[in-house]
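S.K.: Contents of upload_7.cif (mmCIF, C-alpha atoms) are given next:
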```cif
data_entry
loop_
_atom_site.label_atom_id
_atom_site.label_comp_id
_atom_site.auth_asym_id
_atom_site.auth_seq_id
_atom_site.Cartn_x
_atom_site.Cartn_y
_atom_site.Cartn_z
CA MET A 1 -44.80 -25.92 83.65
CA LYS A 2 -47.32 -23.18 84.35
CA THR A 3 -44.68 -20.54 83.59
CA HIS A 4 -43.71 -22.39 80.42
CA ASN A 5 -47.32 -22.52 79.25
CA MET A 6 -47.79 -18.83 80.02
CA VAL A 7 -44.66 -17.86 78.07
CA LEU A 8 -45.72 -20.02 75.13
CA THR A 9 -49.21 -18.53 75.17
CA LEU A 10 -47.81 -15.01 75.28
CA ALA A 11 -45.46 -15.74 72.39
CA LEU A 12 -48.30 -17.15 70.29
CA ALA A 13 -50.52 -14.19 71.14
CA VAL A 14 -47.84 -11.64 70.22
CA THR A 15 -47.15 -13.35 66.91
CA SER A 16 -50.79 -13.54 65.92
CA MET A 17 -51.63 -10.08 67.19
CA GLN A 18 -48.64 -8.54 65.45
CA SER A 19 -50.15 -9.57 62.13
CA PHE A 20 -53.51 -8.19 63.29
CA ALA A 21 -51.94 -4.88 64.29
CA ASN A 22 -50.07 -4.77 61.02
CA SER A 23 -53.15 -5.27 58.87
CA GLY A 24 -53.28 -2.62 56.23
CA ALA A 25 -49.54 -2.01 56.01
CA SER A 26 -48.34 -1.91 52.46
CA GLU A 27 -45.77 -4.61 51.76
CA ASN A 28 -45.89 -5.18 48.02
CA ALA A 29 -46.87 -3.39 44.84
CA SER A 30 -49.79 -1.47 46.33
CA ALA A 31 -49.69 1.44 43.88
CA ALA A 32 -49.50 -0.91 40.91
CA SER A 33 -52.34 -3.15 42.09
CA LYS A 34 -54.48 -0.13 42.93
CA HIS A 35 -53.90 1.32 39.50
CA SER A 36 -54.84 -2.02 37.94
CA ALA A 37 -58.01 -2.17 40.02
CA LEU A 38 -58.99 1.36 38.99
CA ALA A 39 -58.27 0.65 35.35
CA ALA A 40 -60.37 -2.53 35.52
CA SER A 41 -63.17 -0.60 37.18
CA HIS A 42 -63.29 1.92 34.32
CA GLY A 43 -62.68 -0.53 31.50
CA THR A 44 -61.99 1.08 28.12
CA ALA A 45 -62.54 4.54 29.60
CA ALA A 46 -59.68 4.10 32.07
CA SER A 47 -57.24 6.23 30.11
CA ILE A 48 -59.74 9.09 30.19
CA LYS A 49 -61.02 8.67 33.74
CA VAL A 50 -57.86 7.72 35.64
CA GLY A 51 -54.60 9.60 35.80
CA SER A 52 -51.22 8.72 37.30
CA ALA A 53 -49.63 11.66 39.05
CA VAL A 54 -45.91 12.28 38.78
CA LEU A 55 -45.70 15.75 40.32
CA ALA A 56 -47.90 18.05 42.39
CA THR A 57 -47.13 21.77 42.55
CA PRO A 58 -48.96 23.79 45.20
CA LEU A 59 -51.01 26.62 43.75
CA ILE A 60 -50.95 29.99 45.47
CA VAL A 61 -53.00 33.05 44.86
CA ALA A 62 -51.53 36.24 43.46
CA GLY A 63 -51.62 38.96 46.08
CA SER A 64 -52.11 36.57 49.00
CA VAL A 65 -50.75 37.54 52.38
CA GLY A 66 -47.31 36.58 53.58
CA GLN A 67 -43.97 36.29 51.88
CA VAL A 68 -45.03 33.90 49.16
CA SER A 69 -42.53 33.39 46.45
CA GLN A 70 -42.42 31.46 43.22
CA GLN A 71 -38.96 30.36 44.30
CA LEU A 72 -40.68 28.12 46.83
CA GLY A 73 -41.77 25.77 44.09
CA THR A 74 -45.31 27.02 43.91
CA LYS A 75 -47.29 28.32 41.00
CA LEU A 76 -49.41 31.43 40.82
CA MET A 77 -53.08 30.93 40.16
CA ALA A 78 -54.80 33.20 37.74
CA SER A 79 -57.93 33.53 39.83
CA ALA A 80 -58.32 35.81 42.82
CA ILE A 81 -58.88 34.50 46.29
CA ASP A 82 -62.64 35.06 46.33
CA ASP A 83 -63.35 33.90 42.81
CA GLY A 84 -65.78 31.06 43.58
CA PRO A 85 -65.13 27.33 43.92
CA LEU A 86 -61.74 26.01 42.96
CA GLU A 87 -61.46 23.88 39.83
CA ILE A 88 -61.17 20.14 40.44
CA THR A 89 -60.41 17.62 37.71
CA GLU A 90 -63.02 15.01 36.87
CA LYS A 91 -60.27 12.39 36.63
CA THR A 92 -59.44 10.07 39.48
CA ILE A 93 -55.82 10.80 40.25
CA THR A 94 -53.62 8.21 41.90
CA VAL A 95 -49.93 7.90 42.59
CA ALA A 96 -47.95 6.51 39.70
CA PRO A 97 -46.43 3.13 40.58
CA SER A 98 -42.65 3.07 40.77
CA PRO A 99 -40.72 0.92 38.24
CA LYS A 100 -39.93 -1.47 41.09
CA GLN A 101 -43.60 -1.85 41.96
CA MET A 102 -44.56 -2.38 38.33
CA MET A 103 -41.96 -5.12 37.89
CA LYS A 104 -43.17 -6.91 41.02
CA THR A 105 -46.67 -6.98 39.51
CA VAL A 106 -45.37 -8.30 36.18
CA ILE A 107 -43.35 -11.06 37.88
CA THR A 108 -46.37 -12.14 39.95
CA GLU A 109 -48.63 -12.33 36.90
CA GLU A 110 -46.12 -14.34 34.89
CA LEU A 111 -45.89 -16.94 37.65
CA MET B 1 -57.03 -24.03 80.54
CA VAL B 2 -59.59 -21.40 81.53
CA LYS B 3 -56.81 -19.16 82.82
CA ILE B 4 -54.91 -19.48 79.53
CA SER B 5 -58.05 -18.60 77.57
CA VAL B 6 -58.62 -15.53 79.74
CA LEU B 7 -54.98 -14.49 79.25
CA MET B 8 -55.22 -14.86 75.46
CA LEU B 9 -58.48 -12.92 75.36
CA SER B 10 -56.96 -10.12 77.47
CA ILE B 11 -53.93 -9.90 75.22
CA SER B 12 -56.17 -9.86 72.13
CA LEU B 13 -58.14 -6.96 73.56
CA LEU B 14 -54.92 -5.18 74.42
CA PHE B 15 -53.56 -5.31 70.89
CA MET B 16 -56.92 -4.50 69.38
CA GLN B 17 -56.98 -1.21 71.27
CA LEU B 18 -53.36 -0.40 70.55
CA ALA B 19 -53.74 -1.25 66.87
CA TYR B 20 -56.54 1.34 66.51
CA ALA B 21 -54.51 3.67 64.41
CA GLY B 22 -51.21 3.55 62.66
CA SER B 23 -50.69 5.57 59.47
CA THR B 24 -50.23 3.22 56.55
CA GLN B 25 -50.66 3.06 52.81
CA THR B 26 -53.14 0.23 52.40
CA ALA B 27 -52.94 -2.37 49.65
CA GLU B 28 -56.54 -3.60 49.57
CA SER B 29 -59.78 -1.67 49.31
CA LEU B 30 -62.34 -2.87 51.83
CA LEU B 31 -65.19 -1.10 50.06
CA PRO B 32 -66.33 -1.15 46.41
CA ILE B 33 -63.87 0.90 44.36
CA GLU B 34 -66.62 2.93 42.73
CA GLN B 35 -67.92 4.08 46.13
CA VAL B 36 -64.44 5.08 47.28
CA GLU B 37 -63.87 7.02 44.04
CA VAL B 38 -67.13 8.91 44.32
CA PHE B 39 -66.50 9.74 47.97
CA ALA B 40 -62.92 10.87 47.38
CA LYS B 41 -64.12 13.24 44.68
CA GLN B 42 -66.93 14.50 46.99
CA VAL B 43 -64.33 15.42 49.58
CA GLU B 44 -62.28 17.31 47.00
CA ARG B 45 -65.31 19.17 45.71
CA TYR B 46 -66.44 20.12 49.19
CA ALA B 47 -63.07 21.62 50.05
CA ALA B 48 -62.86 23.30 46.66
CA ALA B 49 -66.31 24.84 47.17
CA GLN B 50 -65.01 26.34 50.41
CA GLY B 51 -62.04 27.78 48.52
CA ALA B 52 -59.60 25.80 50.67
CA ARG B 53 -56.03 26.08 49.41
CA ALA B 54 -54.78 23.88 52.23
CA PHE B 55 -56.74 21.89 54.77
CA ILE B 56 -56.28 19.12 57.29
CA LEU B 57 -57.88 15.83 56.27
CA ALA B 58 -58.59 12.70 58.32
CA ARG B 59 -59.93 9.24 57.66
CA VAL B 60 -61.31 6.30 59.64
CA GLY B 61 -59.14 3.27 58.97
CA ARG B 62 -60.70 0.94 61.53
CA PRO B 63 -64.24 0.28 62.77
CA GLU B 64 -65.17 3.09 65.12
CA SER B 65 -66.11 0.62 67.82
CA GLU B 66 -62.41 -0.26 68.09
CA LEU B 67 -61.23 3.31 68.66
CA PRO B 68 -60.32 4.49 72.16
CA LYS B 69 -62.52 7.11 73.78
CA GLY B 70 -61.90 10.59 72.43
CA ILE B 71 -60.39 9.40 69.16
CA LYS B 72 -62.54 9.61 66.03
CA PHE B 73 -60.02 9.24 63.20
CA THR B 74 -57.04 7.01 62.59
CA HIS B 75 -54.90 9.00 60.14
CA THR B 76 -54.45 12.72 59.52
CA ALA B 77 -52.67 14.58 56.74
CA ILE B 78 -52.60 17.93 54.92
CA ALA B 79 -54.27 18.42 51.55
CA VAL B 80 -52.87 21.16 49.32
CA TYR B 81 -54.58 22.50 46.22
CA SER B 82 -52.14 21.79 43.40
CA GLU B 83 -51.43 21.60 39.73
CA ILE B 84 -50.93 17.88 39.19
CA SER B 85 -48.75 16.66 36.34
CA LEU B 86 -49.81 13.27 34.98
CA ASP B 87 -47.64 10.67 33.28
CA SER B 88 -49.62 11.39 30.10
CA GLY B 89 -48.22 14.93 30.08
CA GLU B 90 -51.58 16.43 30.99
CA LYS B 91 -51.84 18.89 33.88
CA VAL B 92 -54.95 18.97 36.05
CA LYS B 93 -56.03 20.67 39.24
CA GLY B 94 -56.90 18.93 42.47
CA TYR B 95 -55.65 18.20 45.95
CA ALA B 96 -52.35 16.48 46.70
CA ILE B 97 -52.22 14.98 50.17
CA HIS B 98 -49.06 15.23 52.24
CA ASN B 99 -48.83 12.31 54.64
CA LEU B 100 -46.61 10.82 57.27
CA TYR B 101 -46.91 7.06 56.73
CA GLN B 102 -45.29 4.19 58.54
CA LYS B 103 -42.75 2.38 56.41
CA ALA B 104 -43.90 -0.96 55.07
CA GLY B 105 -42.23 -3.74 57.03
CA GLN B 106 -40.75 -1.28 59.53
CA ARG B 107 -43.64 0.04 61.58
CA ASP B 108 -41.50 1.92 64.06
CA LYS B 109 -40.23 4.18 61.26
CA SER B 110 -42.10 6.64 59.05
CA GLU B 111 -41.66 8.51 55.77
CA LEU B 112 -43.33 11.48 54.10
CA VAL B 113 -45.47 10.47 51.15
CA ILE B 114 -47.64 12.45 48.75
CA ASP B 115 -50.77 10.74 47.54
CA TYR B 116 -54.23 11.69 46.29
CA PRO B 117 -57.77 11.39 47.65
CA ILE B 118 -58.48 7.97 46.13
CA ASP B 119 -55.23 6.64 47.61
CA PHE B 120 -55.96 8.27 50.97
CA PHE B 121 -59.38 6.64 51.31
CA TRP B 122 -58.45 3.35 49.61
CA GLY B 123 -58.46 1.05 52.64
CA VAL B 124 -60.91 2.81 54.95
CA SER B 125 -63.54 0.93 56.87
CA ALA B 126 -66.02 3.81 56.60
CA LEU B 127 -66.52 6.57 54.04
CA LYS B 128 -66.17 9.42 56.46
CA ALA B 129 -63.80 12.38 56.24
CA GLY B 130 -62.72 14.88 58.84
CA ILE B 131 -62.01 18.27 57.29
CA ILE B 132 -60.41 21.20 59.12
CA ILE B 133 -60.07 24.41 57.12
CA PRO B 134 -57.80 26.96 58.81
CA THR B 135 -58.09 30.66 58.13
CA VAL B 136 -56.67 31.88 54.82
CA ASP B 137 -53.51 33.25 56.46
CA VAL B 138 -52.75 29.93 58.15
CA GLN B 139 -53.48 28.05 54.93
CA GLN B 140 -50.91 30.16 53.17
CA ARG B 141 -48.35 29.59 55.92
CA ILE B 142 -48.93 25.82 55.68
CA ILE B 143 -48.41 25.93 51.91
CA ASP B 144 -45.17 27.87 52.43
CA VAL B 145 -43.86 25.23 54.85
CA ILE B 146 -44.65 22.37 52.50
CA ALA B 147 -43.61 24.04 49.26
CA SER B 148 -40.25 25.07 50.72
CA GLY B 149 -39.52 21.55 52.00
CA LYS B 150 -39.56 22.63 55.63
CA ASP B 151 -42.02 19.82 56.41
CA LYS B 152 -39.11 17.42 55.83
CA GLN B 153 -36.91 19.33 58.28
CA ILE B 154 -39.44 18.84 61.07
CA HIS B 155 -40.04 15.17 60.34
CA ASN B 156 -38.79 12.60 62.85
CA GLU B 157 -38.86 9.08 61.40
CA ASN B 158 -39.04 7.42 64.82
CA TYR B 159 -42.70 6.47 64.97
CA SER B 160 -45.09 5.78 67.81
CA VAL B 161 -48.85 5.69 67.38
CA ILE B 162 -49.20 7.49 70.74
CA ALA B 163 -46.33 9.94 70.28
CA ASN B 164 -46.03 12.72 72.85
CA PRO B 165 -46.50 16.05 71.01
CA PHE B 166 -44.51 17.96 73.63
CA ASN B 167 -41.13 16.44 72.77
CA ASN B 168 -39.43 15.14 69.65
CA GLU B 169 -38.59 11.60 70.73
CA PHE B 170 -41.23 9.98 68.55
CA GLN B 171 -43.68 11.33 66.02
CA ASN B 172 -46.99 10.27 64.50
CA CYS B 173 -49.04 11.70 61.65
CA THR B 174 -51.02 14.10 63.80
CA GLU B 175 -47.95 15.46 65.57
CA HIS B 176 -46.25 16.06 62.24
CA THR B 177 -49.37 17.87 61.05
CA LEU B 178 -49.29 20.03 64.18
CA ASN B 179 -45.58 20.68 63.62
CA ILE B 180 -46.30 21.92 60.09
CA ILE B 181 -49.06 24.21 61.32
CA ASN B 182 -46.89 25.62 64.06
CA ALA B 183 -43.85 25.94 61.81
CA GLY B 184 -46.05 28.15 59.66
CA ILE B 185 -47.53 30.11 62.55
CA TYR B 186 -44.24 30.68 64.37
CA GLN B 187 -42.16 30.91 61.18
CA THR B 188 -39.54 28.50 62.48
CA THR B 189 -38.39 24.90 62.06
CA ASP B 190 -36.57 24.94 65.40
CA LEU B 191 -38.16 21.94 67.10
CA THR B 192 -37.21 23.13 70.58
CA ALA B 193 -39.19 26.30 69.96
CA LEU B 194 -42.07 24.41 68.35
CA LYS B 195 -42.34 22.01 71.29
CA SER B 196 -42.10 24.84 73.81
CA ASN B 197 -44.94 26.67 72.06
CA ALA B 198 -46.99 23.48 71.93
CA LYS B 199 -46.55 22.92 75.67
CA GLN B 200 -47.82 26.38 76.36
CA HIS B 201 -50.73 26.54 73.97
CA PHE B 202 -51.76 23.06 72.76
CA GLN B 203 -54.04 20.68 74.64
CA ALA B 204 -53.36 17.05 73.73
CA GLN B 205 -55.81 14.15 74.01
CA ARG B 206 -55.40 11.93 77.01
CA VAL B 207 -55.22 8.29 75.86
CA LYS B 208 -57.06 6.18 78.39
CA ILE B 209 -55.63 2.69 78.17
CA ASN B 210 -54.87 0.42 81.09
CA PRO B 211 -51.21 0.95 82.21
CA LEU B 212 -50.54 -2.79 82.08
CA LYS B 213 -51.79 -2.91 78.50
CA LEU B 214 -49.58 0.02 77.60
CA MET B 215 -46.58 -1.64 79.20
CA LEU B 216 -47.14 -4.85 77.24
CA GLY B 217 -47.70 -2.85 74.06
CA ASN B 218 -44.45 -1.01 74.68
CA LEU B 219 -42.68 -4.37 74.91
CA PHE B 220 -44.35 -6.28 72.10
CA VAL B 221 -45.79 -3.87 69.51
CA ASP B 222 -43.24 -2.12 67.26
CA ASP B 223 -45.16 1.09 66.72
CA VAL B 224 -46.24 1.61 70.32
CA SER B 225 -43.91 3.29 72.77
CA THR B 226 -44.41 4.99 76.11
CA LYS B 227 -40.76 6.02 76.43
CA ASP B 228 -41.53 9.61 75.45
CA HIS B 229 -44.22 10.06 78.07
CA ARG B 230 -43.61 11.21 81.63
CA GLY B 231 -46.69 10.19 83.54
CA LYS B 232 -50.08 10.04 81.81
CA VAL B 233 -50.14 9.33 78.08
CA SER B 234 -51.53 12.01 75.81
CA THR B 235 -51.19 12.48 72.07
CA THR B 236 -52.21 14.76 69.21
CA THR B 237 -55.49 14.01 67.48
CA PHE B 238 -57.42 15.48 64.59
CA THR B 239 -59.99 16.90 67.01
CA THR B 240 -57.42 18.51 69.30
CA ILE B 241 -55.84 20.21 66.28
CA SER B 242 -59.26 21.65 65.43
CA GLN B 243 -59.76 22.83 69.00
CA TYR B 244 -56.30 24.41 69.01
CA LEU B 245 -57.02 26.41 65.88
CA GLN B 246 -60.47 27.42 67.11
CA LYS B 247 -59.16 28.56 70.46
CA ASN B 248 -56.66 30.82 68.70
CA ASP B 249 -59.18 32.20 66.18
CA LEU B 250 -57.37 30.41 63.36
CA LEU B 251 -60.19 28.11 62.30
CA ALA B 252 -62.48 28.80 59.36
CA ASN B 253 -64.44 25.54 59.40
CA ALA B 254 -64.28 22.02 60.86
CA VAL B 255 -66.68 19.36 59.63
CA VAL B 256 -67.23 15.67 59.08
CA LEU B 257 -68.36 14.62 55.61
CA ASN B 258 -69.93 11.22 55.06
CA SER B 259 -70.78 9.21 51.97
CA THR B 260 -74.35 10.51 51.73
CA GLY B 261 -72.97 14.01 51.34
CA GLU B 262 -74.10 14.98 54.80
CA VAL B 263 -71.87 17.58 56.42
CA VAL B 264 -71.91 17.94 60.19
CA SER B 265 -69.84 20.04 62.54
CA LEU B 266 -66.84 18.31 64.05
#
```
Could you spell out this file's structure in structure tokens?
M.R.:
Amino acid sequence: MKTHNMVLTLALAVTSMQSFANSGASENASAASKHSALAASHGTAASIKVGSAVLATPLIVAGSVGQVSQQLGTKLMASAIDDGPLEITEKTITVAPSPKQMMKTVITEEL
Amino acid sequence: MVKISVLMLSISLLFMQLAYAGSTQTAESLLPIEQVEVFAKQVERYAAAQGARAFILARVGRPESELPKGIKFTHTAIAVYSEISLDSGEKVKGYAIHNLYQKAGQRDKSELVIDYPIDFFWGVSALKAGIIIPTVDVQQRIIDVIASGKDKQIHNENYSVIANPFNNEFQNCTEHTLNIINAGIYQTTDLTALKSNAKQHFQAQRVKINPLKLMLGNLFVDDVSTKDHRGKVSTTTFTTISQYLQKNDLLANAVVLNSTGEVVSL
């Protein structure tokens, strides 16, 4: 009986702690819900303040050391390496939700 | 009854310690969205002001009181200065973050995911960023590895939160980051060579958790494994990466940035 109780207790603990350890894991339409939350946060200015990224191309500096090539899928920057702070967009950029994630959001809202 | 309560409490503490990290894309923001947005942009601007083309970035995904000794951050990735194409057709400049994340619903497997500062800090428990800026040469080598797709060649999807950096049996986000750095430094994607070089020159962080707890974690927690360790458990951390670069004169700057804008040395 003692062994049975111990096994049952362990099983219950593992089950409950598994969900605790898994907290934060993305299961559903995280990108879509995040985008919605950001859009709601900015209201009518959302289209100006928030951007959905579809591609990111690393920028390299012309004349930088090493065998850097445009064939690597990079893009040459116009500015030199010591030309002051790098330009950063004012927009909040987030990953664009996939079609699958968007449809999950739509289905949930319709229910 | 008392014994059962003590057992449950012990097991709770065990999993709390072992669940300290894990690299995930989080669905819910724990902090006000506006604060996360402002902070994420602060991090970008700080790195941009330093002229960083590529840097190592870390976040705190759990309350610091829950982190094991010697571990300050729960997820590490590489930020690369990029031209970002938006779905509107516009092109902007900012940092794209190259992550190793656990797969949703399959925590013992990982995938490489690109996201952006707001995504990276979305579910953090504290607005605090670890920033390691390597020397310009190393930055360029890191960009080469990522832009050429070599980061994918050195990715192992078998995930363990306490992966041993000296073999390729399992991999976590910090080990993958170290692999990318070393692939750039040594100009190779040969994992045997990368691991050999790491053994000789990299000092991992000893993870001090009770052996019984580790054994139970190995049995019951998907993303915890001790199978790749021979003897004491040690793993790659954000701080040990910084120390590695500093020791080899490859570090330009290593700081912690918090939400008040305060910048302190790592």
S.K.: Which residue gives the smallest distance to chain A among B:Tyr159, B:Phe55, B:Tyr101, B:Tyr116, with all atoms listed in the file counted?
M.R.: B:Tyr116
S.K.: I need the contact residues of chain B against chain A, so if you could list those with any atom within 6 Å, counting all atoms listed in the file, and return them as a list in words, that would help.
M.R.: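 Matching residues, ligands excluded from the count: Ala19, Thr24, Gln25, Thr26, Ala27, Ala48, Ala49, Gly51, Tyr81, Ser82, Glu83, Ile84, Ser85, Leu86, Asp87, Val92, Lys93, Gly94, Ala104, Asp115, Tyr116, Ala147 and Ser148 of chain B.
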S.K.: Mind writing the picked residues with C-alpha atoms as a CSV table (one decimal), keeping the file's coordinate frame?
M.R.:
```csv
chain,number,residue,atom,x,y,z
B,19,ALA,CA,-53.7,-1.2,66.9
B,24,THR,CA,-50.2,3.2,56.6
B,25,GLN,CA,-50.7,3.1,52.8
B,26,THR,CA,-53.1,0.2,52.4
B,27,ALA,CA,-52.9,-2.4,49.6
B,48,ALA,CA,-62.9,23.3,46.7
B,49,ALA,CA,-66.3,24.8,47.2
B,51,GLY,CA,-62.0,27.8,48.5
B,81,TYR,CA,-54.6,22.5,46.2
B,82,SER,CA,-52.1,21.8,43.4
B,83,GLU,CA,-51.4,21.6,39.7
B,84,ILE,CA,-50.9,17.9,39.2
B,85,SER,CA,-48.8,16.7,36.3
B,86,LEU,CA,-49.8,13.3,35.0
B,87,ASP,CA,-47.6,10.7,33.3
B,92,VAL,CA,-55.0,19.0,36.0
B,93,LYS,CA,-56.0,20.7,39.2
B,94,GLY,CA,-56.9,18.9,42.5
B,104,ALA,CA,-43.9,-1.0,55.1
B,115,ASP,CA,-50.8,10.7,47.5
B,116,TYR,CA,-54.2,11.7,46.3
B,147,ALA,CA,-43.6,24.0,49.3
B,148,SER,CA,-40.2,25.1,50.7
```
S.K.: Quick one: distance from CA of Leu100 (chain B) to CA of Cys173 (chain B) in Å, one decimal?
M.R.: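 Between CA of Leu100 (chain B) and CA of Cys173 (chain B) the gap is 5.1 Å.
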S.K.: What is the distance, in Å and to one decimal place, between CA of Ala183 (chain B) and CA of Val80 (chain B)?
M.R.: 16.1 Å
S.K.: Mind checking which residues fall within 8 Å of region 188-199 of chain B, counting all atoms listed in the file, ignoring those fewer than 6 positions away in the same chain, and posting them as a tab-separated table (two decimals) with C-alpha atoms, in the frame of the given file?
M.R.:
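Written output follows (out-v1.tsv):
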```tsv
chain	number	residue	atom	x	y	z
B	150	LYS	CA	-39.56	22.63	55.63
B	153	GLN	CA	-36.91	19.33	58.28
B	154	ILE	CA	-39.44	18.84	61.07
B	165	PRO	CA	-46.50	16.05	71.01
B	166	PHE	CA	-44.51	17.96	73.63
B	167	ASN	CA	-41.13	16.44	72.77
B	168	ASN	CA	-39.43	15.14	69.65
B	179	ASN	CA	-45.58	20.68	63.62
B	182	ASN	CA	-46.89	25.62	64.06
```
S.K.: Could you spell out the hits of the PyMOL selection byres ((chain B and resi 181) around 10) on the shown file, as a ChimeraX atom specification?
M.R.: /B:56,78,134,138-139,141-143,145,151,175-180,182-187,194,241,245
S.K.: Residues picked by the PyMOL selection byres ((chain B and resi 38) around 12) here, as a PyMOL selection string?
M.R.: (chain A and resi 90-92) or (chain B and resi 31-37+39-45+117-118+121-122+127+258-261)
S.K.: Please measure the separation of CA of Gln200 (chain B) and CA of Tyr244 (chain B), giving the value in Å to one decimal.
M.R.: 11.4 Å
